[in-house]
>>> print(open('coords-v4.txt').read())   # compact mmCIF, C-alpha atoms
# COMPACT_ATOMS: atom_id res chain seq x y z
CA MET T 1 -5.98 16.40 0.44
CA HIS T 2 -3.19 14.95 -1.73
CA ASP T 3 -1.29 17.25 -4.07
CA LEU T 4 -2.12 16.82 -7.74
CA ILE T 5 0.40 14.82 -9.76
CA ASN T 6 2.84 16.97 -11.70
CA TYR T 7 2.13 15.82 -15.24
CA ARG T 8 5.43 17.14 -16.59
CA HIS T 9 7.27 14.90 -14.16
CA LEU T 10 4.94 12.04 -15.10
CA TYR T 11 5.73 12.69 -18.76
CA TYR T 12 9.47 12.36 -18.06
CA PHE T 13 8.78 9.03 -16.33
CA TRP T 14 6.76 7.89 -19.38
CA VAL T 15 9.53 8.80 -21.83
CA VAL T 16 12.20 7.10 -19.69
CA SER T 17 10.10 3.93 -19.52
CA GLN T 18 9.75 3.98 -23.33
CA GLU T 19 13.39 4.73 -24.06
CA GLY T 20 14.80 2.35 -21.43
CA SER T 21 17.30 4.76 -19.86
CA ILE T 22 17.60 8.31 -18.58
CA SER T 23 20.34 9.16 -21.07
CA ALA T 24 18.22 8.01 -24.03
CA ALA T 25 15.24 9.95 -22.71
CA ALA T 26 17.45 13.03 -22.26
CA ARG T 27 18.52 12.87 -25.91
CA LYS T 28 14.91 12.58 -27.05
CA LEU T 29 13.74 15.43 -24.83
CA GLU T 30 16.87 17.52 -25.49
CA MET T 31 17.51 17.87 -21.78
CA THR T 32 20.35 16.96 -19.46
CA PRO T 33 20.22 13.58 -17.70
CA GLN T 34 20.68 15.39 -14.38
CA THR T 35 17.50 17.43 -14.93
CA ILE T 36 15.43 14.35 -15.73
CA SER T 37 16.86 12.47 -12.74
CA SER T 38 15.95 15.29 -10.38
CA GLN T 39 12.41 15.55 -11.81
CA LEU T 40 11.92 11.78 -11.43
CA ALA T 41 13.11 12.01 -7.84
CA ARG T 42 10.48 14.68 -7.17
CA LEU T 43 7.79 12.46 -8.71
CA GLU T 44 8.89 9.51 -6.55
CA ALA T 45 8.85 11.73 -3.46
CA GLN T 46 5.34 12.94 -4.27
CA MET T 47 4.10 9.38 -4.83
CA GLY T 48 6.03 7.96 -1.90
CA LYS T 49 7.21 5.06 -4.08
CA SER T 50 10.28 4.19 -6.12
CA LEU T 51 9.67 3.88 -9.85
CA PHE T 52 12.96 2.45 -11.14
CA THR T 53 15.66 0.09 -9.93
CA GLN T 54 19.15 -0.09 -11.40
CA VAL T 55 20.07 -3.54 -12.72
CA GLY T 56 23.57 -3.36 -14.19
CA ARG T 57 23.44 -0.55 -16.72
CA GLN T 58 19.71 -0.93 -17.27
CA LEU T 59 16.74 0.55 -15.48
CA GLU T 60 13.86 -1.73 -14.56
CA LEU T 61 10.35 -0.72 -13.56
CA THR T 62 9.28 -1.37 -9.99
CA GLU T 63 5.87 -2.86 -9.18
CA ALA T 64 4.62 0.66 -8.43
CA ALA T 65 5.82 1.85 -11.84
CA ARG T 66 4.05 -1.05 -13.56
CA THR T 67 0.85 0.17 -11.93
CA VAL T 68 1.46 3.78 -12.98
CA LEU T 69 2.57 3.05 -16.57
CA PRO T 70 -0.81 2.01 -18.10
CA PHE T 71 -2.36 5.24 -16.81
CA ALA T 72 0.54 7.29 -18.21
CA ASP T 73 0.15 5.45 -21.53
CA GLN T 74 -3.50 6.50 -21.75
CA ILE T 75 -2.83 10.09 -20.70
CA PHE T 76 -0.01 10.82 -23.12
CA MET T 77 -1.26 8.73 -26.03
CA LEU T 78 -4.49 10.72 -25.81
CA GLY T 79 -2.40 13.87 -25.69
CA GLU T 80 -0.64 12.86 -28.90
CA GLN T 81 -4.00 12.10 -30.53
CA LEU T 82 -5.23 15.53 -29.45
CA GLN T 83 -2.24 17.20 -31.10
CA GLN T 84 -2.83 15.24 -34.31
CA THR T 85 -6.52 16.14 -34.23
CA LEU T 86 -5.87 19.84 -33.77
CA ALA T 87 -3.33 19.76 -36.59
CA SER T 88 -5.82 18.10 -38.94
CA ASP T 89 -8.08 20.13 -41.21
CA SER T 90 -10.95 17.62 -40.99
CA THR T 91 -13.15 17.07 -37.95
CA PRO T 92 -12.46 13.55 -36.60
CA ARG T 93 -15.13 11.20 -35.37
CA GLN T 94 -15.41 10.99 -31.59
CA ARG T 95 -14.70 7.54 -30.16
CA PHE T 96 -17.58 5.92 -28.33
CA ASN T 97 -16.14 3.01 -26.34
CA ILE T 98 -18.73 0.29 -25.79
CA GLY T 99 -18.56 -2.96 -23.88
CA VAL T 100 -20.98 -5.64 -25.05
CA ALA T 101 -21.69 -8.45 -22.59
CA ASP T 102 -21.02 -11.78 -24.26
CA ALA T 103 -24.55 -13.00 -23.45
CA LEU T 104 -26.11 -10.41 -25.77
CA PRO T 105 -27.19 -11.68 -29.20
CA LYS T 106 -25.16 -9.88 -31.87
CA THR T 107 -28.29 -8.80 -33.74
CA VAL T 108 -29.70 -7.21 -30.58
CA ALA T 109 -26.41 -5.38 -29.88
CA GLN T 110 -26.30 -4.10 -33.46
CA GLN T 111 -29.85 -2.79 -33.34
CA LEU T 112 -29.33 -1.10 -29.98
CA LEU T 113 -26.12 0.58 -31.12
CA ALA T 114 -27.69 1.73 -34.37
CA LYS T 115 -29.50 4.28 -32.22
CA ALA T 116 -26.14 5.80 -31.21
CA HIS T 117 -24.62 5.90 -34.69
CA ASN T 118 -24.16 9.31 -36.29
CA PRO T 119 -21.69 11.04 -38.66
CA HIS T 120 -19.64 12.38 -35.74
CA THR T 121 -19.13 9.10 -33.82
CA ARG T 122 -16.81 6.13 -34.24
CA LEU T 123 -18.22 3.06 -32.50
CA CYS T 124 -15.47 1.05 -30.76
CA CYS T 125 -16.90 -2.22 -29.43
CA ILE T 126 -15.34 -4.93 -27.30
CA GLU T 127 -16.99 -8.08 -25.99
CA GLY T 128 -16.43 -9.76 -22.65
CA SER T 129 -17.94 -11.02 -19.44
CA PRO T 130 -19.94 -8.49 -17.39
CA ASP T 131 -17.30 -8.50 -14.63
CA GLU T 132 -14.49 -7.74 -17.10
CA LEU T 133 -16.48 -4.94 -18.71
CA MET T 134 -17.51 -3.40 -15.38
CA ALA T 135 -13.83 -3.24 -14.38
CA LYS T 136 -13.03 -1.35 -17.60
CA LEU T 137 -16.01 0.93 -17.00
CA ALA T 138 -14.69 1.71 -13.51
CA LEU T 139 -11.32 2.70 -15.05
CA HIS T 140 -13.14 4.92 -17.58
CA GLN T 141 -11.86 2.78 -20.45
CA LEU T 142 -15.48 2.37 -21.58
CA ASP T 143 -18.29 4.88 -21.95
CA VAL T 144 -21.09 2.33 -21.59
CA VAL T 145 -21.72 -1.39 -21.14
CA LEU T 146 -24.64 -3.19 -22.78
CA ALA T 147 -25.88 -6.08 -20.65
CA ASP T 148 -28.92 -8.28 -20.06
CA ARG T 149 -29.18 -7.29 -16.40
CA PRO T 150 -28.81 -4.00 -14.48
CA ALA T 151 -25.66 -3.20 -12.56
CA THR T 152 -25.34 -4.36 -8.98
CA GLN T 153 -24.88 -1.56 -6.50
CA GLY T 154 -21.35 -1.12 -5.23
CA ALA T 155 -18.84 1.59 -4.41
CA LEU T 156 -18.91 2.88 -7.99
CA ARG T 157 -21.87 5.09 -8.89
CA LEU T 158 -23.36 3.18 -11.79
CA GLU T 159 -26.58 3.99 -13.57
CA SER T 160 -28.66 1.37 -15.42
CA GLN T 161 -31.25 2.33 -18.01
CA LEU T 162 -33.55 -0.10 -19.77
CA LEU T 163 -32.95 0.14 -23.53
CA ALA T 164 -35.28 -2.55 -24.87
CA GLN T 165 -37.62 -5.31 -23.81
CA CYS T 166 -37.68 -8.02 -26.45
CA PRO T 167 -40.04 -10.95 -27.00
CA VAL T 168 -38.27 -14.30 -27.30
CA MET T 169 -38.89 -16.06 -30.61
CA ILE T 170 -38.13 -19.65 -31.57
CA LEU T 171 -36.31 -19.84 -34.90
CA ALA T 172 -35.41 -22.81 -37.07
CA SER T 173 -34.18 -23.78 -40.51
CA PRO T 174 -36.99 -24.23 -43.06
CA THR T 175 -36.79 -28.04 -42.75
CA LEU T 176 -37.13 -28.04 -38.96
CA ALA T 177 -39.74 -25.28 -39.06
CA ALA T 178 -41.92 -27.45 -41.31
CA ARG T 179 -41.52 -30.38 -38.91
CA TYR T 180 -42.10 -28.56 -35.61
CA GLY T 181 -44.16 -25.53 -36.63
CA GLU T 182 -47.54 -27.19 -36.17
CA ALA T 183 -49.19 -27.03 -32.73
CA PHE T 184 -46.58 -24.55 -31.45
CA PRO T 185 -45.53 -24.35 -28.63
CA ALA T 186 -46.55 -27.90 -27.65
CA SER T 187 -44.47 -29.13 -30.60
CA LEU T 188 -41.33 -28.04 -28.73
CA ASN T 189 -41.70 -31.03 -26.42
CA GLY T 190 -38.93 -33.42 -27.49
CA ALA T 191 -37.77 -31.10 -30.28
CA PRO T 192 -33.99 -30.70 -30.82
CA MET T 193 -33.11 -27.44 -29.11
CA LEU T 194 -30.06 -25.18 -29.02
CA LEU T 195 -29.90 -23.10 -25.84
CA PRO T 196 -27.67 -20.51 -24.15
CA THR T 197 -25.39 -21.77 -21.38
CA ARG T 198 -26.87 -22.11 -17.90
CA ASP T 199 -25.17 -19.00 -16.50
CA SER T 200 -27.07 -16.64 -18.83
CA THR T 201 -30.17 -14.72 -17.80
CA LEU T 202 -32.04 -15.92 -20.90
CA ARG T 203 -31.33 -19.57 -20.10
CA ILE T 204 -32.71 -19.16 -16.57
CA GLN T 205 -35.87 -17.62 -18.00
CA LEU T 206 -36.19 -20.37 -20.62
CA ASP T 207 -35.81 -23.18 -18.08
CA LEU T 208 -38.56 -21.65 -15.94
CA TRP T 209 -40.82 -21.16 -18.98
CA PHE T 210 -40.36 -24.74 -20.23
CA SER T 211 -41.05 -26.08 -16.73
CA ALA T 212 -44.23 -24.01 -16.39
CA GLN T 213 -45.45 -25.25 -19.80
CA GLN T 214 -44.44 -28.86 -18.99
CA ILE T 215 -42.26 -28.91 -22.11
CA VAL T 216 -39.04 -30.94 -22.12
CA PRO T 217 -36.98 -30.14 -25.24
CA ASP T 218 -34.13 -32.35 -26.43
CA ILE T 219 -31.14 -30.09 -25.73
CA VAL T 220 -28.61 -30.86 -28.48
CA GLY T 221 -26.27 -27.92 -27.84
CA GLU T 222 -25.45 -25.15 -25.35
CA PHE T 223 -23.66 -21.96 -26.41
CA ALA T 224 -22.10 -18.95 -24.72
CA ASP T 225 -21.86 -17.22 -28.13
CA SER T 226 -25.23 -16.34 -29.64
CA ALA T 227 -23.75 -15.97 -33.13
CA LEU T 228 -22.41 -19.53 -32.98
CA MET T 229 -25.80 -20.76 -31.78
CA GLN T 230 -27.44 -19.03 -34.75
CA ALA T 231 -24.93 -20.67 -37.14
CA PHE T 232 -25.91 -24.11 -35.80
CA GLY T 233 -29.57 -23.14 -36.12
CA ILE T 234 -29.10 -22.15 -39.77
CA ALA T 235 -27.34 -25.48 -40.35
CA GLY T 236 -30.48 -27.28 -39.16
CA ILE T 237 -28.97 -28.82 -36.02
CA GLY T 238 -31.80 -27.59 -33.82
CA LEU T 239 -34.36 -24.94 -33.03
CA TYR T 240 -33.11 -21.99 -30.98
CA PRO T 241 -34.48 -19.02 -29.00
CA SER T 242 -33.67 -15.47 -30.00
CA PRO T 243 -34.80 -12.15 -28.56
CA ILE T 244 -35.98 -9.98 -31.45
CA ILE T 245 -36.20 -6.19 -31.51
CA THR T 246 -37.45 -6.01 -35.10
CA PRO T 247 -38.42 -8.88 -37.44
CA GLU T 248 -36.00 -7.52 -40.05
CA ALA T 249 -33.16 -8.95 -37.93
CA ILE T 250 -34.12 -12.50 -38.97
CA PRO T 251 -32.33 -13.79 -42.11
CA SER T 252 -35.60 -14.97 -43.68
CA GLU T 253 -34.06 -17.14 -46.42
CA GLN T 254 -32.19 -19.22 -43.85
CA LEU T 255 -34.50 -19.16 -40.83
CA GLN T 256 -38.20 -19.16 -40.11
CA THR T 257 -40.11 -18.10 -37.01
CA LEU T 258 -42.15 -20.79 -35.27
CA GLY T 259 -43.61 -18.27 -32.83
CA HIS T 260 -42.85 -16.33 -29.69
CA LEU T 261 -42.83 -17.75 -26.17
CA ASN T 262 -45.90 -16.17 -24.65
CA GLY T 263 -45.12 -13.96 -21.64
CA LEU T 264 -41.33 -14.30 -21.98
CA PHE T 265 -39.30 -11.14 -22.56
CA THR T 266 -35.63 -10.24 -22.17
CA ASP T 267 -34.46 -6.86 -20.94
CA TYR T 268 -31.34 -5.07 -22.18
CA TYR T 269 -29.65 -2.28 -20.28
CA ALA T 270 -27.15 0.49 -20.77
CA ILE T 271 -24.82 0.69 -17.75
CA TYR T 272 -22.65 3.76 -17.30
CA VAL T 273 -20.86 5.87 -14.71
CA ALA T 274 -23.01 8.77 -13.55
CA LYS T 275 -21.46 12.04 -14.76
CA LYS T 276 -22.65 15.61 -15.08
CA ILE T 277 -21.66 15.55 -18.77
CA ASN T 278 -22.09 12.28 -20.69
CA HIS T 279 -20.61 11.28 -24.02
CA PRO T 280 -22.95 12.74 -26.70
CA ALA T 281 -23.50 9.30 -28.25
CA LEU T 282 -24.47 7.91 -24.83
CA ASP T 283 -27.05 10.67 -24.44
CA GLN T 284 -28.33 9.80 -27.92
CA LEU T 285 -28.58 6.10 -27.01
CA LEU T 286 -30.43 6.83 -23.75
CA SER T 287 -32.77 9.35 -25.36
CA ALA T 288 -33.70 6.90 -28.13
CA ALA T 289 -34.65 4.33 -25.49
CA LYS T 290 -36.94 6.79 -23.72
>>> encode(input="coords-v4.txt", output="structure tokens")
Amino acid sequence: MHDLINYRHLYYFWVVSQEGSISAAARKLEMTPQTISSQLARLEAQMGKSLFTQVGRQLELTEAARTVLPFADQIFMLGEQLQQTLASDSTPRQRFNIGVADALPKTVAQQLLAKAHNPHTRLCCIEGSPDELMAKLALHQLDVVLADRPATQGALRLESQLLAQCPVMILASPTLAARYGEAFPASLNGAPMLLPTRDSTLRIQLDLWFSAQQIVPDIVGEFADSALMQAFGIAGIGLYPSPIITPEAIPSEQLQTLGHLNGLFTDYYAIYVAKKINHPALDQLLSAAK
């Protein structure tokens, strides 16, 4: 079993990397340069890797140090935030770090996360591809990832819980709704259609549904961003599909519902690292889904 990292030594490394030299770090820490040098040497011996190289009068980080530094940043920046929190009279909101897969419609993400919102939580959302978000989840930079598919099994112990199963509606501007609303869904044959890109789960489902119904829409646009697709739909460029949790999510003055695609639903999942103690907001999100 490896010895635990000495966090005081790691802190000296962090300060040296920020200040750019041992002498500058010594002034900041009110220590002698010799003491810091000896502590850094112990850290390097424990890690089995050199952390600095001397280039002229300057120190430069080694490749190993560039790997260590982001972790040290997180550790000691959180430590500073903890000190500020304890010194504050008010109770701060607890950060809930959420990754939202870029395939999720923004309205769906908002409605799902509304279940985790409370006076004690600050929602911190980032968007990205599932692979990018899973990597951040593995590094514990995120508490949960919202996605349209469960996690694939790998070395990391990931849990996937179904949060919602949404019917897929076809929405359109009032003008297009008046033109294609009759005889739905047969009226979709040849209708101008805005669709997600082909790598999305919803697009795969839609292609299968259209094929089964022998409907061939006129695809006038493909979008990775659901909000951009909605903007084109509001502008009257084409009809578009949207999973709906509640009808209130539809901006009724700008869009109308032609109907839902019978038998077609999209699933949305919370993906998280299995822990004995979860973030309270994650427990709230999962409980609301149950």
>>> atom_distance(input="coords-v4.txt", atom1="atom CA of Gln205 of chain T", atom2="atom CA of Val273 of chain T")
28.1 Å
>>> residues_around(input="coords-v4.txt", residues="Met47 of chain T", least_positions_apart="2", cutoff="12 Å", atoms="all atoms listed in the file", output="ChimeraX atom specification")
/T:2-6,9-10,40-45,49-51,64-65,68
>>> closest_residue(input="coords-v4.txt", among="T:Thr107, T:Gln254, T:Gln213, T:Ser200", to="Ala227 of chain T", atoms="only C-alpha atoms")
T:Thr107
>>> residues_around(input="coords-v4.txt", residues="Phe265 of chain T", least_positions_apart="6", cutoff="8 Å", atoms="all atoms listed in the file", output="number ranges by chain")
T: 165-168, 243
>>> write_last_selection(input="coords-v4.txt", atoms="C-alpha atoms", output="compact mmCIF listing (two decimals), keeping the file's coordinate frame")
# COMPACT_ATOMS: atom_id res chain seq x y z
CA GLN T 165 -37.62 -5.31 -23.81
CA CYS T 166 -37.68 -8.02 -26.45
CA PRO T 167 -40.04 -10.95 -27.00
CA VAL T 168 -38.27 -14.30 -27.30
CA PRO T 243 -34.80 -12.15 -28.56
>>> closest_residue(input="coords-v4.txt", among="T:Pro33, T:Val220, T:Gln284, T:Leu133", to="Ala151 of chain T", atoms="all atoms listed in the file")
T:Leu133
>>> closest_residue(input="coords-v4.txt", among="T:Gln141, T:Ser242, T:Ser211, T:Thr62", to="Ile75 of chain T", atoms="only C-alpha atoms")
T:Gln141
>>> closest_residue(input="coords-v4.txt", among="T:Thr175, T:Tyr12, T:Gln74, T:Gln54", to="Ile36 of chain T", atoms="all atoms listed in the file")
T:Tyr12
>>> atom_distance(input="coords-v4.txt", atom1="atom CA of Pro241 of chain T", atom2="atom CA of Ser160 of chain T")
25.2 Å
>>> atom_distance(input="coords-v4.txt", atom1="atom CA of Ile234 of chain T", atom2="atom CA of Val145 of chain T")
28.9 Å
>>> residues_around(input="coords-v4.txt", residues="segment 13-30 of chain T", least_positions_apart="6", cutoff="8 Å", atoms="all atoms listed in the file", output="ChimeraX atom specification")
/T:36-37,40,58-59,61,69,72-73
>>> closest_residue(input="coords-v4.txt", among="T:Leu195, T:Thr53, T:Asp143, T:Leu112", to="Arg95 of chain T", atoms="all atoms listed in the file")
T:Asp143
>>> axis_aligned_box(input="coords-v4.txt", around="segment 30-46 of chain T", padding_each_side="6 Å", output="AutoDock Vina command-line options")
--center_x 13.0 --center_y 13.7 --center_z -14.5 --size_x 27.3 --size_y 20.4 --size_z 34.0
>>> closest_residue(input="coords-v4.txt", among="T:Tyr268, T:Phe96, T:Phe52, T:Phe71", to="Gln111 of chain T", atoms="all atoms listed in the file")
T:Tyr268
>>> closest_atom_pairs(input="coords-v4.txt", of="segment 193-250 of chain T", to="segment 180-185 of chain T", cutoff="12 Å", atoms="all atoms listed in the file", output="tab-separated table")
residue	atom	partner	partner_atom	distance
T:Met193	CA	T:Tyr180	CA	11.2
T:Trp209	CA	T:Pro185	CA	11.2
T:Phe210	CA	T:Pro185	CA	9.9
T:Gln213	CA	T:Pro185	CA	8.9
T:Gln214	CA	T:Pro185	CA	10.7
T:Ile215	CA	T:Pro185	CA	8.6
T:Val216	CA	T:Pro185	CA	11.3
T:Pro217	CA	T:Pro185	CA	10.9
T:Gly238	CA	T:Tyr180	CA	10.5
T:Leu239	CA	T:Tyr180	CA	8.9
>>> write_last_selection(input="coords-v4.txt", atoms="C-alpha atoms", output="mmCIF file, keeping the file's coordinate frame")
data_model
loop_
_atom_site.group_PDB
_atom_site.id
_atom_site.type_symbol
_atom_site.label_atom_id
_atom_site.label_comp_id
_atom_site.auth_asym_id
_atom_site.auth_seq_id
_atom_site.Cartn_x
_atom_site.Cartn_y
_atom_site.Cartn_z
ATOM 1 C CA MET T 193 -33.110 -27.440 -29.110
ATOM 2 C CA TRP T 209 -40.820 -21.160 -18.980
ATOM 3 C CA PHE T 210 -40.360 -24.740 -20.230
ATOM 4 C CA GLN T 213 -45.450 -25.250 -19.800
ATOM 5 C CA GLN T 214 -44.440 -28.860 -18.990
ATOM 6 C CA ILE T 215 -42.260 -28.910 -22.110
ATOM 7 C CA VAL T 216 -39.040 -30.940 -22.120
ATOM 8 C CA PRO T 217 -36.980 -30.140 -25.240
ATOM 9 C CA GLY T 238 -31.800 -27.590 -33.820
ATOM 10 C CA LEU T 239 -34.360 -24.940 -33.030
#
>>> build_atoms(input="coords-v4.txt", residues="segment 179-199 of chain T", atoms="N, CA and C atoms", output="short mmCIF file (atom, residue, chain, number, x, y, z; two decimals), in the frame of the given file")
data_model
loop_
_atom_site.label_atom_id
_atom_site.label_comp_id
_atom_site.auth_asym_id
_atom_site.auth_seq_id
_atom_site.Cartn_x
_atom_site.Cartn_y
_atom_site.Cartn_z
N ARG T 179 -41.27 -29.20 -39.74
CA ARG T 179 -41.52 -30.38 -38.91
C ARG T 179 -42.12 -30.02 -37.56
N TYR T 180 -41.68 -28.87 -36.98
CA TYR T 180 -42.10 -28.56 -35.61
C TYR T 180 -42.99 -27.30 -35.52
N GLY T 181 -43.37 -26.75 -36.65
CA GLY T 181 -44.16 -25.53 -36.63
C GLY T 181 -45.60 -25.73 -36.24
N GLU T 182 -46.14 -26.91 -36.52
CA GLU T 182 -47.54 -27.19 -36.17
C GLU T 182 -47.70 -27.34 -34.66
N ALA T 183 -48.83 -26.90 -34.15
CA ALA T 183 -49.19 -27.03 -32.73
C ALA T 183 -48.15 -26.39 -31.81
N PHE T 184 -47.53 -25.29 -32.28
CA PHE T 184 -46.58 -24.55 -31.45
C PHE T 184 -47.34 -23.91 -30.28
N PRO T 185 -46.85 -23.91 -29.06
CA PRO T 185 -45.53 -24.35 -28.63
C PRO T 185 -45.45 -25.79 -28.13
N ALA T 186 -46.58 -26.52 -28.14
CA ALA T 186 -46.55 -27.90 -27.65
C ALA T 186 -45.58 -28.75 -28.46
N SER T 187 -45.37 -28.37 -29.73
CA SER T 187 -44.47 -29.13 -30.60
C SER T 187 -43.02 -29.07 -30.15
N LEU T 188 -42.71 -28.14 -29.23
CA LEU T 188 -41.33 -28.04 -28.73
C LEU T 188 -40.97 -29.19 -27.80
N ASN T 189 -41.97 -29.90 -27.30
CA ASN T 189 -41.70 -31.03 -26.42
C ASN T 189 -40.98 -32.13 -27.20
N GLY T 190 -39.74 -32.42 -26.81
CA GLY T 190 -38.93 -33.42 -27.49
C GLY T 190 -38.23 -32.92 -28.73
N ALA T 191 -38.41 -31.66 -29.09
CA ALA T 191 -37.77 -31.10 -30.28
C ALA T 191 -36.28 -30.83 -30.01
N PRO T 192 -35.42 -31.00 -31.02
CA PRO T 192 -33.99 -30.70 -30.82
C PRO T 192 -33.82 -29.20 -30.59
N MET T 193 -33.16 -28.85 -29.50
CA MET T 193 -33.11 -27.44 -29.11
C MET T 193 -31.68 -27.00 -28.82
N LEU T 194 -31.32 -25.84 -29.33
CA LEU T 194 -30.06 -25.18 -29.02
C LEU T 194 -30.36 -24.09 -28.01
N LEU T 195 -29.60 -24.05 -26.91
CA LEU T 195 -29.90 -23.10 -25.84
C LEU T 195 -28.64 -22.36 -25.39
N PRO T 196 -28.81 -21.18 -24.79
CA PRO T 196 -27.67 -20.51 -24.15
C PRO T 196 -27.17 -21.34 -22.97
N THR T 197 -25.94 -21.06 -22.54
CA THR T 197 -25.39 -21.77 -21.38
C THR T 197 -26.16 -21.39 -20.12
N ARG T 198 -26.03 -22.22 -19.09
CA ARG T 198 -26.87 -22.11 -17.90
C ARG T 198 -26.59 -20.86 -17.06
N ASP T 199 -25.47 -20.19 -17.30
CA ASP T 199 -25.17 -19.00 -16.50
C ASP T 199 -25.78 -17.73 -17.08
#
